[in-house]
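This is structure-v5.txt. It holds compact mmCIF, C-alpha atoms.
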# COMPACT_ATOMS: atom_id res chain seq x y z
CA MET N 71 71.50 -157.84 -254.78
CA LYS N 72 69.92 -159.32 -257.90
CA GLY N 73 70.29 -162.79 -256.39
CA ASP N 74 68.58 -161.63 -253.18
CA ARG N 75 65.65 -160.20 -255.13
CA LYS N 76 65.28 -163.50 -256.99
CA LYS N 77 65.28 -165.42 -253.70
CA VAL N 78 62.66 -163.12 -252.22
CA ARG N 79 60.49 -163.51 -255.33
CA LEU N 80 60.85 -167.29 -255.19
CA ALA N 81 59.93 -167.33 -251.51
CA MET N 82 56.89 -165.15 -252.13
CA ASN N 83 55.80 -167.27 -255.10
CA LEU N 84 56.15 -170.45 -253.08
CA GLN N 85 54.29 -168.89 -250.18
CA SER N 86 51.45 -167.79 -252.46
CA ALA N 87 51.33 -171.21 -254.09
CA PHE N 88 51.10 -173.02 -250.78
CA HIS N 89 48.49 -170.67 -249.42
CA LEU N 90 46.46 -171.27 -252.58
CA LEU N 91 46.97 -175.01 -252.14
CA LEU N 92 45.82 -174.75 -248.55
CA THR N 93 42.71 -172.86 -249.59
CA ILE N 94 41.90 -175.46 -252.25
CA PHE N 95 42.35 -178.31 -249.77
CA VAL N 96 40.14 -176.64 -247.18
CA ALA N 97 37.43 -175.83 -249.71
CA THR N 98 37.51 -179.34 -251.18
CA ALA N 99 37.47 -180.97 -247.78
CA SER N 100 34.60 -178.78 -246.64
CA MET N 101 32.53 -179.61 -249.71
CA LEU N 102 33.23 -183.31 -249.35
CA ALA N 103 32.45 -183.22 -245.67
CA GLN N 104 29.12 -181.49 -246.26
CA GLY N 105 28.28 -183.85 -249.07
CA GLN N 106 29.03 -186.96 -247.07
CA SER N 107 27.91 -186.00 -243.60
CA GLY N 108 24.33 -187.16 -244.01
CA GLY N 109 24.94 -190.15 -246.22
CA SER N 110 24.97 -193.82 -245.46
CA GLY N 111 28.13 -195.80 -245.46
CA PRO N 112 30.53 -197.60 -243.24
CA ALA N 113 30.70 -194.72 -240.76
CA ASN N 114 27.05 -195.13 -239.90
CA GLN N 115 27.19 -198.87 -239.39
CA THR N 116 27.36 -200.02 -235.82
CA SER N 117 28.34 -203.42 -234.60
CA PRO N 118 25.37 -205.34 -233.22
CA ASN N 119 27.56 -206.27 -230.26
CA LEU N 120 28.13 -202.71 -229.04
CA GLU N 121 25.61 -201.08 -226.72
CA LYS N 122 23.92 -198.20 -228.46
CA GLY N 123 23.81 -194.84 -226.73
CA VAL N 124 26.73 -195.55 -224.40
CA PRO N 125 28.20 -192.13 -223.78
CA PRO N 126 31.95 -191.59 -223.84
CA ILE N 127 33.71 -190.56 -220.63
CA PRO N 128 36.68 -188.29 -219.81
CA ILE N 129 39.98 -190.10 -219.77
CA ILE N 130 43.36 -189.42 -218.23
CA THR N 131 46.21 -190.99 -220.13
CA GLY N 132 49.82 -190.20 -220.87
CA GLY N 133 53.18 -191.43 -219.81
CA ILE N 134 56.06 -191.23 -217.40
CA ALA N 135 59.63 -191.77 -218.51
CA LEU N 136 63.08 -191.74 -217.03
CA ASN N 137 66.11 -191.52 -219.30
CA THR N 138 69.75 -191.45 -218.37
CA SER N 139 72.44 -190.52 -220.85
CA PHE N 140 76.18 -190.91 -220.49
CA ASP N 141 78.96 -189.37 -222.50
CA PRO N 142 82.61 -188.77 -221.61
CA ASN N 143 81.90 -185.32 -220.21
CA GLU N 144 78.63 -185.60 -218.35
CA THR N 145 75.82 -187.78 -217.06
CA VAL N 146 72.25 -186.58 -217.38
CA ILE N 147 69.24 -188.04 -215.60
CA GLY N 148 65.99 -186.82 -217.13
CA PRO N 149 62.58 -187.69 -215.70
CA VAL N 150 59.53 -186.68 -217.71
CA VAL N 151 55.86 -186.68 -216.74
CA ALA N 152 53.30 -186.05 -219.47
CA PRO N 153 49.65 -186.48 -218.49
CA ILE N 154 46.98 -186.18 -221.16
CA ILE N 155 43.35 -185.44 -220.45
CA LEU N 156 40.61 -186.17 -222.97
CA VAL N 157 37.12 -184.74 -222.43
CA PRO N 158 34.48 -185.64 -225.00
CA LEU N 159 31.68 -183.16 -225.69
CA GLY N 160 29.04 -185.40 -227.19
CA ARG N 161 30.12 -187.33 -230.26
CA HIS N 162 31.29 -184.48 -232.44
CA ALA N 163 33.72 -182.59 -230.25
CA LEU N 164 36.66 -183.38 -228.03
CA ILE N 165 38.79 -181.32 -225.67
CA GLU N 166 42.31 -182.69 -225.31
CA SER N 167 45.31 -181.39 -223.47
CA GLU N 168 48.81 -182.56 -222.66
CA PHE N 169 50.98 -181.04 -220.01
CA GLU N 170 54.66 -181.92 -219.82
CA ALA N 171 57.10 -181.47 -216.96
CA LYS N 172 60.68 -182.54 -217.42
CA SER N 173 63.73 -182.15 -215.30
CA GLU N 174 67.43 -182.63 -215.83
CA VAL N 175 69.93 -183.65 -213.20
CA VAL N 176 73.36 -183.08 -214.72
CA HIS N 177 76.60 -184.39 -213.28
CA THR N 178 79.65 -182.94 -214.95
CA GLY N 179 83.18 -182.14 -213.91
CA GLY N 180 82.79 -184.09 -210.67
CA SER N 181 79.81 -182.13 -209.38
CA PHE N 182 76.09 -181.71 -209.86
CA GLU N 183 74.71 -178.70 -211.64
CA PRO N 184 71.55 -176.97 -210.40
CA VAL N 185 68.51 -179.05 -211.25
CA THR N 186 66.36 -177.59 -214.00
CA LEU N 187 62.62 -178.07 -214.32
CA GLU N 188 60.78 -177.24 -217.52
CA LYS N 189 57.00 -177.14 -217.59
CA GLY N 190 54.70 -176.45 -220.46
CA VAL N 191 51.45 -177.14 -222.19
CA GLU N 192 52.13 -179.25 -225.26
CA TYR N 193 48.60 -178.80 -226.50
CA ALA N 194 45.18 -177.72 -225.21
CA GLN N 195 42.77 -177.91 -228.09
CA LEU N 196 39.14 -178.20 -229.02
CA ASP N 197 38.51 -180.65 -231.86
CA LEU N 198 35.31 -180.30 -233.84
CA PHE N 199 34.57 -183.22 -236.16
CA LEU N 200 32.87 -181.53 -239.10
CA GLY N 201 31.84 -184.59 -241.05
CA LYS N 202 33.79 -187.65 -242.14
CA TYR N 203 36.88 -185.99 -243.56
CA LEU N 204 37.37 -182.68 -241.80
CA THR N 205 38.31 -181.68 -238.27
CA LEU N 206 38.58 -178.12 -237.02
CA VAL N 207 41.14 -177.65 -234.27
CA ALA N 208 41.21 -174.50 -232.16
CA GLY N 209 43.52 -173.62 -229.32
CA ARG N 210 47.04 -174.83 -228.72
CA TYR N 211 48.24 -177.77 -230.77
CA ALA N 212 51.43 -179.53 -231.77
CA THR N 213 52.63 -177.86 -234.97
CA PRO N 214 52.21 -180.38 -237.79
CA PHE N 215 55.61 -180.10 -239.43
CA ALA N 216 56.72 -183.56 -240.62
CA ILE N 217 55.89 -186.42 -238.23
CA TYR N 218 58.17 -186.40 -235.20
CA LYS N 219 56.41 -183.76 -233.12
CA GLU N 220 52.88 -185.01 -233.66
CA ARG N 221 53.38 -188.76 -233.64
CA LEU N 222 56.76 -189.79 -232.31
CA ASP N 223 57.72 -187.22 -229.66
CA ALA N 224 55.92 -188.96 -226.77
CA ARG N 225 58.47 -190.73 -224.60
CA TRP N 226 56.46 -193.95 -224.57
CA ILE N 227 56.30 -194.00 -228.38
CA ARG N 228 59.69 -192.88 -229.68
CA ASN N 229 62.04 -195.78 -230.45
CA LEU N 230 65.17 -193.93 -229.33
CA PRO N 231 65.42 -191.51 -226.40
CA ALA N 232 67.40 -188.85 -228.30
CA GLU N 233 65.54 -186.52 -230.60
CA PRO N 234 66.81 -186.11 -234.17
CA LEU N 235 69.28 -183.35 -234.92
CA ILE N 236 66.76 -181.52 -237.12
CA PHE N 237 63.94 -181.64 -234.55
CA GLY N 238 64.56 -178.05 -233.51
CA VAL N 239 62.48 -176.81 -236.43
CA GLY N 240 59.42 -178.90 -235.57
CA ASP N 241 59.74 -178.90 -231.79
CA ASN N 242 57.07 -176.31 -231.02
CA SER N 243 53.37 -175.83 -230.44
CA SER N 244 51.11 -173.32 -232.11
CA ASN N 245 48.28 -171.19 -230.72
CA GLY N 246 45.60 -170.65 -233.31
CA GLY N 247 43.53 -172.74 -235.64
CA MET N 248 44.00 -175.74 -237.84
CA LEU N 249 41.98 -177.70 -240.36
CA ARG N 250 42.99 -181.31 -240.84
CA GLY N 251 41.73 -184.67 -241.94
CA ALA N 252 41.96 -187.37 -244.54
CA LEU N 253 40.20 -187.83 -247.88
CA PRO N 254 39.85 -191.26 -249.47
CA LEU N 255 40.94 -190.96 -253.10
CA SER N 256 40.23 -194.62 -253.82
CA SER N 257 40.02 -197.83 -251.85
CA GLY N 258 43.81 -197.89 -251.91
CA ALA N 259 44.87 -194.32 -251.26
CA GLN N 260 44.10 -191.47 -248.90
CA LEU N 261 45.06 -187.83 -249.01
CA THR N 262 45.98 -186.49 -245.57
CA TYR N 263 46.20 -182.77 -244.90
CA SER N 264 46.75 -180.23 -242.14
CA GLY N 265 46.68 -176.47 -242.62
CA TYR N 266 47.26 -174.07 -239.76
CA PHE N 267 47.95 -170.58 -238.56
CA SER N 268 49.53 -169.59 -235.26
CA ALA N 269 49.62 -166.26 -233.46
CA LEU N 270 52.46 -164.92 -231.38
CA ALA N 271 52.11 -165.64 -227.67
CA ASN N 272 54.67 -164.77 -225.01
CA ASN N 273 53.27 -166.94 -222.23
CA GLN N 274 55.91 -168.79 -220.22
CA PHE N 275 54.12 -172.17 -220.39
CA ALA N 276 52.17 -171.81 -223.64
CA GLY N 277 54.22 -169.55 -225.85
CA SER N 278 54.14 -169.73 -229.61
CA GLU N 279 55.55 -168.11 -232.70
CA ARG N 280 53.59 -166.39 -235.43
CA GLN N 281 53.65 -168.87 -238.26
CA THR N 282 51.59 -170.64 -240.87
CA GLY N 283 51.96 -173.78 -242.90
CA LEU N 284 50.61 -177.05 -244.05
CA ARG N 285 51.41 -180.73 -244.25
CA THR N 286 49.91 -182.86 -246.95
CA GLY N 287 50.60 -186.39 -247.99
CA LEU N 288 49.40 -189.61 -249.48
CA PHE N 289 48.79 -192.71 -247.42
CA PHE N 290 48.47 -196.13 -249.04
CA PRO N 291 46.90 -198.57 -246.55
CA GLY N 292 47.73 -201.59 -248.72
CA PRO N 293 51.50 -201.34 -248.67
CA ARG N 294 51.24 -199.26 -245.42
CA PHE N 295 53.26 -196.43 -246.88
CA GLU N 296 52.87 -192.71 -246.32
CA ALA N 297 54.78 -189.86 -247.87
CA ALA N 298 54.12 -186.24 -247.05
CA PHE N 299 55.36 -182.74 -247.70
CA SER N 300 55.44 -180.00 -245.07
CA PHE N 301 55.74 -176.28 -245.49
CA ASN N 302 56.18 -173.82 -242.63
CA ARG N 303 56.59 -170.06 -242.82
CA ARG N 304 57.81 -168.23 -239.74
CA LEU N 305 56.34 -164.74 -239.51
CA GLY N 306 58.25 -163.33 -236.56
CA ALA N 307 60.98 -160.76 -236.48
CA GLU N 308 62.90 -163.03 -238.84
CA ARG N 309 60.79 -164.42 -241.67
CA PHE N 310 61.86 -167.63 -243.31
CA ASN N 311 60.50 -170.83 -244.84
CA ASN N 312 61.04 -174.42 -243.79
CA TYR N 313 60.33 -177.39 -246.04
CA GLY N 314 60.11 -180.98 -244.96
CA VAL N 315 59.46 -184.38 -246.44
CA ASP N 316 58.65 -187.45 -244.41
CA PHE N 317 58.17 -191.13 -245.20
CA THR N 318 56.73 -193.94 -243.13
CA TRP N 319 56.63 -197.56 -244.20
CA ASN N 320 55.40 -200.43 -242.08
CA ALA N 321 56.27 -203.56 -244.00
CA ARG N 322 53.59 -206.23 -244.18
CA SER N 323 55.69 -209.34 -244.60
CA VAL N 324 58.10 -208.61 -241.76
CA PRO N 325 57.69 -206.56 -238.56
CA LEU N 326 59.88 -203.76 -239.90
CA ASP N 327 59.12 -200.04 -239.63
CA ILE N 328 61.08 -197.45 -241.58
CA ARG N 329 60.68 -193.74 -241.01
CA SER N 330 62.47 -190.76 -242.42
CA GLU N 331 62.36 -186.97 -242.34
CA THR N 332 64.21 -184.41 -244.39
CA LEU N 333 64.56 -180.70 -243.69
CA ILE N 334 65.36 -177.94 -246.12
CA SER N 335 65.62 -174.47 -244.66
CA GLU N 336 67.89 -171.64 -245.68
CA ALA N 337 67.62 -170.23 -242.16
CA ALA N 338 67.68 -173.38 -240.02
CA GLY N 339 69.87 -175.65 -242.11
CA TYR N 340 69.53 -178.91 -243.95
CA GLY N 341 69.35 -182.44 -242.69
CA TYR N 342 67.66 -185.78 -242.54
CA TRP N 343 67.24 -188.86 -240.43
CA VAL N 344 66.32 -192.42 -241.35
CA GLU N 345 65.24 -194.92 -238.73
CA ALA N 346 64.53 -198.62 -239.01
CA ALA N 347 62.93 -200.64 -236.22
CA TYR N 348 62.55 -204.41 -236.30
CA ARG N 349 60.31 -206.17 -233.84
CA LEU N 350 61.46 -209.70 -233.07
CA SER N 351 57.92 -211.03 -232.98
CA SER N 352 58.45 -214.07 -235.18
CA SER N 353 57.80 -217.46 -233.61
CA ARG N 354 61.31 -218.59 -234.49
CA PHE N 355 62.60 -216.34 -231.71
CA SER N 356 62.34 -217.31 -228.07
CA LYS N 357 59.39 -216.08 -226.03
CA TRP N 358 61.68 -213.62 -224.25
CA LEU N 359 63.10 -212.16 -227.47
CA ARG N 360 59.66 -211.70 -228.97
CA ARG N 361 59.10 -208.73 -226.66
CA SER N 362 62.18 -207.00 -228.10
CA GLN N 363 62.79 -204.46 -230.80
CA ALA N 364 66.05 -203.52 -232.51
CA VAL N 365 66.41 -199.95 -233.75
CA VAL N 366 68.98 -198.12 -235.84
CA ARG N 367 68.95 -194.47 -236.90
CA GLY N 368 71.33 -192.48 -239.06
CA GLU N 369 71.16 -188.72 -239.39
CA GLN N 370 73.01 -185.77 -240.81
CA TYR N 371 72.75 -182.04 -240.32
CA PHE N 372 74.31 -179.22 -242.28
CA GLY N 373 74.21 -175.73 -240.88
CA PRO N 374 72.71 -172.81 -242.82
CA ARG N 375 74.95 -171.05 -245.27
CA VAL N 376 73.86 -167.65 -243.95
CA ALA N 377 73.61 -167.23 -240.19
CA MET N 378 70.25 -165.98 -238.96
CA ASP N 379 68.83 -165.60 -235.47
CA THR N 380 65.97 -168.04 -235.92
CA GLY N 381 65.41 -168.74 -232.22
CA LEU N 382 65.43 -172.46 -233.04
CA GLU N 383 67.40 -175.02 -231.07
CA MET N 384 69.56 -176.44 -233.83
CA PRO N 385 73.06 -177.96 -233.63
CA GLU N 386 75.85 -175.43 -233.59
CA GLY N 387 77.54 -176.88 -236.65
CA ASP N 388 77.48 -179.71 -239.15
CA ALA N 389 76.97 -183.06 -237.46
CA ASN N 390 76.53 -186.72 -238.28
CA ARG N 391 75.11 -189.19 -235.87
CA ILE N 392 74.22 -192.85 -235.73
CA PHE N 393 72.26 -194.64 -233.02
CA THR N 394 71.54 -198.27 -232.33
CA GLY N 395 69.09 -199.30 -229.68
CA TRP N 396 67.29 -202.18 -228.07
CA ASN N 397 63.84 -201.89 -226.57
CA TYR N 398 62.12 -204.46 -224.41
CA TRP N 399 58.48 -204.47 -223.32
CA LEU N 400 58.31 -205.63 -219.72
CA THR N 401 54.52 -205.37 -220.04
CA ASP N 402 52.33 -203.82 -222.74
CA SER N 403 52.59 -200.52 -220.89
CA VAL N 404 56.16 -200.57 -219.59
CA ARG N 405 59.11 -200.42 -221.94
CA ALA N 406 62.81 -200.41 -221.14
CA GLY N 407 65.50 -199.46 -223.61
CA VAL N 408 69.21 -199.04 -224.10
CA ALA N 409 70.84 -197.14 -226.92
CA TYR N 410 74.34 -196.37 -228.11
CA GLY N 411 75.06 -193.43 -230.35
CA ARG N 412 78.11 -191.81 -231.89
CA GLN N 413 78.12 -188.18 -232.93
CA PHE N 414 80.64 -187.00 -235.49
CA GLY N 415 81.02 -183.28 -235.78
CA ALA N 416 83.65 -180.66 -236.46
CA GLU N 417 83.53 -179.50 -232.85
CA ASP N 418 81.51 -182.20 -231.15
CA ASN N 419 82.66 -185.80 -231.48
CA HIS N 420 81.58 -188.20 -228.76
CA ASN N 421 79.77 -191.37 -227.72
CA ILE N 422 76.29 -191.25 -226.25
CA TRP N 423 74.91 -194.05 -224.08
CA THR N 424 71.29 -193.94 -222.98
CA LEU N 425 69.20 -196.05 -220.63
CA GLY N 426 65.52 -195.46 -220.26
CA ILE N 427 62.22 -196.76 -219.04
CA SER N 428 58.74 -195.49 -219.87
CA TYR N 429 55.25 -196.22 -218.63
CA ARG N 430 52.05 -195.49 -220.55
CA PHE N 431 48.81 -195.30 -218.60
CA VAL N 432 45.13 -195.03 -219.45
CA ARG N 433 42.49 -194.38 -216.80
CA MET C 287 68.21 -174.63 -252.16
CA LYS C 288 65.93 -174.60 -255.18
CA ALA C 289 67.75 -177.64 -256.65
CA SER C 290 67.52 -179.48 -253.30
CA LEU C 291 63.82 -178.78 -253.08
CA TYR C 292 63.15 -180.00 -256.61
CA PHE C 293 65.23 -183.13 -255.97
CA LEU C 294 63.30 -183.84 -252.79
CA LEU C 295 59.98 -183.34 -254.53
CA SER C 296 61.11 -185.72 -257.27
CA VAL C 297 62.01 -188.38 -254.71
CA LEU C 298 58.63 -187.83 -253.05
CA LEU C 299 56.82 -188.16 -256.36
CA LEU C 300 58.67 -191.35 -257.29
CA SER C 301 57.92 -192.86 -253.89
CA LEU C 302 54.25 -192.05 -254.27
CA MET C 303 54.19 -193.60 -257.73
CA TRP C 304 55.79 -196.77 -256.38
CA ALA C 305 53.38 -196.97 -253.45
CA GLY C 306 50.45 -196.22 -255.72
CA SER C 307 51.41 -199.11 -257.99
CA LEU C 308 51.14 -201.41 -254.99
CA ALA C 309 47.79 -200.05 -253.91
CA GLY C 310 45.84 -202.36 -256.19
CA ALA C 311 42.69 -201.94 -258.21
CA PRO C 312 39.66 -200.11 -256.78
CA GLN C 313 37.24 -202.40 -254.95
CA PRO C 314 33.52 -202.07 -254.31
CA ASP C 315 32.62 -200.05 -251.23
CA LYS C 316 32.63 -202.15 -248.09
CA ALA C 317 33.03 -201.53 -244.38
CA PRO C 318 36.71 -201.25 -243.45
CA ASP C 319 38.14 -204.14 -241.48
CA GLY C 320 38.99 -202.82 -238.01
CA GLU C 321 42.00 -205.04 -237.46
CA GLU C 322 43.41 -204.16 -240.88
CA VAL C 323 42.86 -200.45 -240.28
CA TYR C 324 44.51 -200.74 -236.86
CA LYS C 325 47.53 -202.53 -238.31
CA ALA C 326 47.83 -200.08 -241.21
CA ASN C 327 47.51 -196.93 -239.11
CA CYS C 328 47.98 -197.44 -235.41
CA THR C 329 50.95 -199.80 -235.43
CA ARG C 330 52.96 -197.03 -237.07
CA CYS C 331 53.40 -195.74 -233.53
CA HIS C 332 51.83 -198.24 -231.17
CA ASN C 333 52.30 -201.91 -230.44
CA THR C 334 49.58 -204.09 -228.97
CA PRO C 335 46.18 -202.44 -228.69
CA PRO C 336 45.36 -201.32 -225.15
CA ALA C 337 42.52 -203.04 -223.31
CA LEU C 338 39.74 -200.44 -223.42
CA ASN C 339 36.06 -200.67 -222.70
CA GLN C 340 33.62 -199.15 -225.15
CA ARG C 341 33.36 -195.79 -223.40
CA GLN C 342 37.13 -195.45 -223.18
CA ALA C 343 37.60 -196.60 -226.76
CA ARG C 344 35.28 -193.92 -228.13
CA VAL C 345 37.32 -191.17 -226.53
CA VAL C 346 40.76 -192.59 -227.20
CA VAL C 347 39.96 -193.27 -230.85
CA SER C 348 38.62 -189.73 -231.26
CA HIS C 349 41.94 -188.46 -229.92
CA MET C 350 43.85 -190.72 -232.31
CA ARG C 351 41.59 -189.81 -235.21
CA VAL C 352 42.88 -186.24 -234.95
CA ARG C 353 46.50 -187.21 -234.38
CA ALA C 354 46.73 -189.86 -237.10
CA ASN C 355 44.40 -188.12 -239.59
CA LEU C 356 41.88 -190.94 -239.79
CA THR C 357 38.61 -190.76 -241.66
CA ALA C 358 35.43 -191.25 -239.64
CA SER C 359 34.97 -194.71 -241.19
CA ASP C 360 38.45 -195.84 -240.20
CA ALA C 361 38.12 -194.42 -236.70
CA ASN C 362 34.83 -196.23 -236.23
CA ALA C 363 36.35 -199.49 -237.47
CA VAL C 364 39.31 -199.17 -235.10
CA MET C 365 37.00 -198.45 -232.18
CA HIS C 366 34.97 -201.59 -232.85
CA TYR C 367 38.15 -203.62 -233.21
CA LEU C 368 39.56 -202.37 -229.89
CA VAL C 369 36.34 -203.11 -228.04
CA GLU C 370 35.98 -206.59 -229.53
CA SER C 371 39.67 -207.28 -228.91
CA ALA C 372 39.34 -206.28 -225.25
CA ARG C 373 36.22 -208.43 -224.84
CA SER C 374 37.85 -211.50 -226.34
CA ASN C 375 40.88 -211.07 -224.08
Using structure tokens, write down the structure that the file contains.
Amino acid sequence: MKGDRKKVRLAMNLQSAFHLLLTIFVATASMLAQGQSGGSGPANQTSPNLEKGVPPIPIITGGIALNTSFDPNETVIGPVVAPIILVPLGRHALIESEFEAKSEVVHTGGSFEPVTLEKGVEYAQLDLFLGKYLTLVAGRYATPFAIYKERLDARWIRNLPAEPLIFGVGDNSSNGGMLRGALPLSSGAQLTYSGYFSALANNQFAGSERQTGLRTGLFFPGPRFEAAFSFNRRLGAERFNNYGVDFTWNARSVPLDIRSETLISEAAGYGYWVEAAYRLSSSRFSKWLRRSQAVVRGEQYFGPRVAMDTGLEMPEGDANRIFTGWNYWLTDSVRAGVAYGRQFGAEDNHNIWTLGISYRFVR
Amino acid sequence: MKASLYFLLSVLLLSLMWAGSLAGAPQPDKAPDGEEVYKANCTRCHNTPPALNQRQARVVVSHMRVRANLTASDANAVMHYLVESARSN
């Protein structure tokens, strides 16, 4: 009992601290944005080669992907269509929306299962650019917990078709408001931040949980390194905190990208993944190989010590997994890939083969 | 959990200190180089820059400014770089 009270106090103290931090970030960013919005500087310089007064136009972009996975028990064919529409409102506002439809054709036990079709709005948001360093987002948006959901989830971007084991915590969209942006601390460092609140919505295609949180980090453009901390507090029937840390490093001297996320959550479990991707772009490789990329990812997940009905799609038990993959760009917009993975778990131990192709379009 | 959180924060702090030591000395204000900004930010997720005209570039870069948390200066530099890159190709 005493231990429970201590845990509750710690959670409340951490929650208060992060809300205070969020308030400070927002206030600081607002003051900086107001102070800089009318000033001169690089943002107001225009290239003499660009036509002045050329208005932006609405754009349809997005991607189509088809992934097939094989393991000893079943074969899954999964097409995904994800169009994105971007509608500028002058130069200081943007409406953006992504809709995703994905299907699964599952063959198991010698027969096909009924085909499933999932549809949903990933985000439908209004972005207001309030100065150089602050953006107000209103509507439905990808919840900024760590990096996978916001930056790597798109099928034409992710290096491996399978999502990380810990993605269940971050795999959701929020309906509410968010303040985000980046503040230059010096010529060599930037502070990035996102603070948000989401309301409960029970819509079939645009549902969301009641939650709040923030993600803040430091980005160093010189070494191309970013490290960030994420905090998320679920405010539904079950209230719990999630903490995350993510790293991204794009090496300068070699075409090597390293990314990592870590999750700490008493309710959802603990885990991490580390991924390295090497693009064979050096001239010492053949012209064919230079369009290739080798990827490896290792990950672990440990279930929560105390079971809780979080509503999150997490692995059923402890699991370790390693993937290796090979991607090849047929054109700049079309990418094919093959990946082999092995999952080691107390109750789930199997190989995973995946073939996929994705197409990114811009109109 | 408290020990795990403190350990993680320590690793984060050490990583930031290491990266900060590589950041270099402050330099006089100057316009950001679009290609450098593109390589530092956009190649974290993307490969070759798409061929966009100026009108398309304005919108796409605005979208990416939100997603990648770019400052207005960096977004402007990337937009100019994409347009000039498309013209030269």
What are the residues of chain N lining chain C at 8 Å or less? Count all atoms listed in the file, and put the answer as a VMD selection string.
chain N and resid 111 to 113 117 120 124 to 129 156 to 158 164 166 197 201 to 203 205 220 to 222 227 to 228 250 to 254 256 to 259 262 to 263 288 290 to 295 297 to 298 313 315 318 320 327 334 to 336 402
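A straight line drawn from CA of Asn273 (chain N) to CA of Lys172 (chain N) is 17.9 Å long.
Of note, CA of Val432 (chain N) and CA of Ser374 (chain C) are spaced 19.3 Å apart.
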Identify the residues within 9 Å of coordinate (73.2, -187.1, -218.0) (same frame as the file), considering only C-alpha atoms, and give the answer as an mmCIF file with C-alpha atoms, in the coordinates of the input.
data_model
loop_
_atom_site.group_PDB
_atom_site.id
_atom_site.type_symbol
_atom_site.label_atom_id
_atom_site.label_comp_id
_atom_site.auth_asym_id
_atom_site.auth_seq_id
_atom_site.Cartn_x
_atom_site.Cartn_y
_atom_site.Cartn_z
ATOM 1 C CA ASN N 137 66.110 -191.520 -219.300
ATOM 2 C CA THR N 138 69.750 -191.450 -218.370
ATOM 3 C CA SER N 139 72.440 -190.520 -220.850
ATOM 4 C CA PHE N 140 76.180 -190.910 -220.490
ATOM 5 C CA ASP N 141 78.960 -189.370 -222.500
ATOM 6 C CA GLU N 144 78.630 -185.600 -218.350
ATOM 7 C CA THR N 145 75.820 -187.780 -217.060
ATOM 8 C CA VAL N 146 72.250 -186.580 -217.380
ATOM 9 C CA ILE N 147 69.240 -188.040 -215.600
ATOM 10 C CA GLY N 148 65.990 -186.820 -217.130
ATOM 11 C CA GLU N 174 67.430 -182.630 -215.830
ATOM 12 C CA VAL N 175 69.930 -183.650 -213.200
ATOM 13 C CA VAL N 176 73.360 -183.080 -214.720
ATOM 14 C CA HIS N 177 76.600 -184.390 -213.280
ATOM 15 C CA THR N 178 79.650 -182.940 -214.950
ATOM 16 C CA THR N 424 71.290 -193.940 -222.980
#
Non-local contacts of region 384-391 of chain N (12 Å; only C-alpha atoms; under 3 positions in same chain excluded) as a ChimeraX atom specification:
/N:232-241,333,335,337-345,366-375,377-381,394,410-422
All residues 6 Å or closer to Gly265 (chain N), only C-alpha atoms, same chain fewer than 5 positions away omitted, as number ranges by chain:
N: 248-249, 283-284
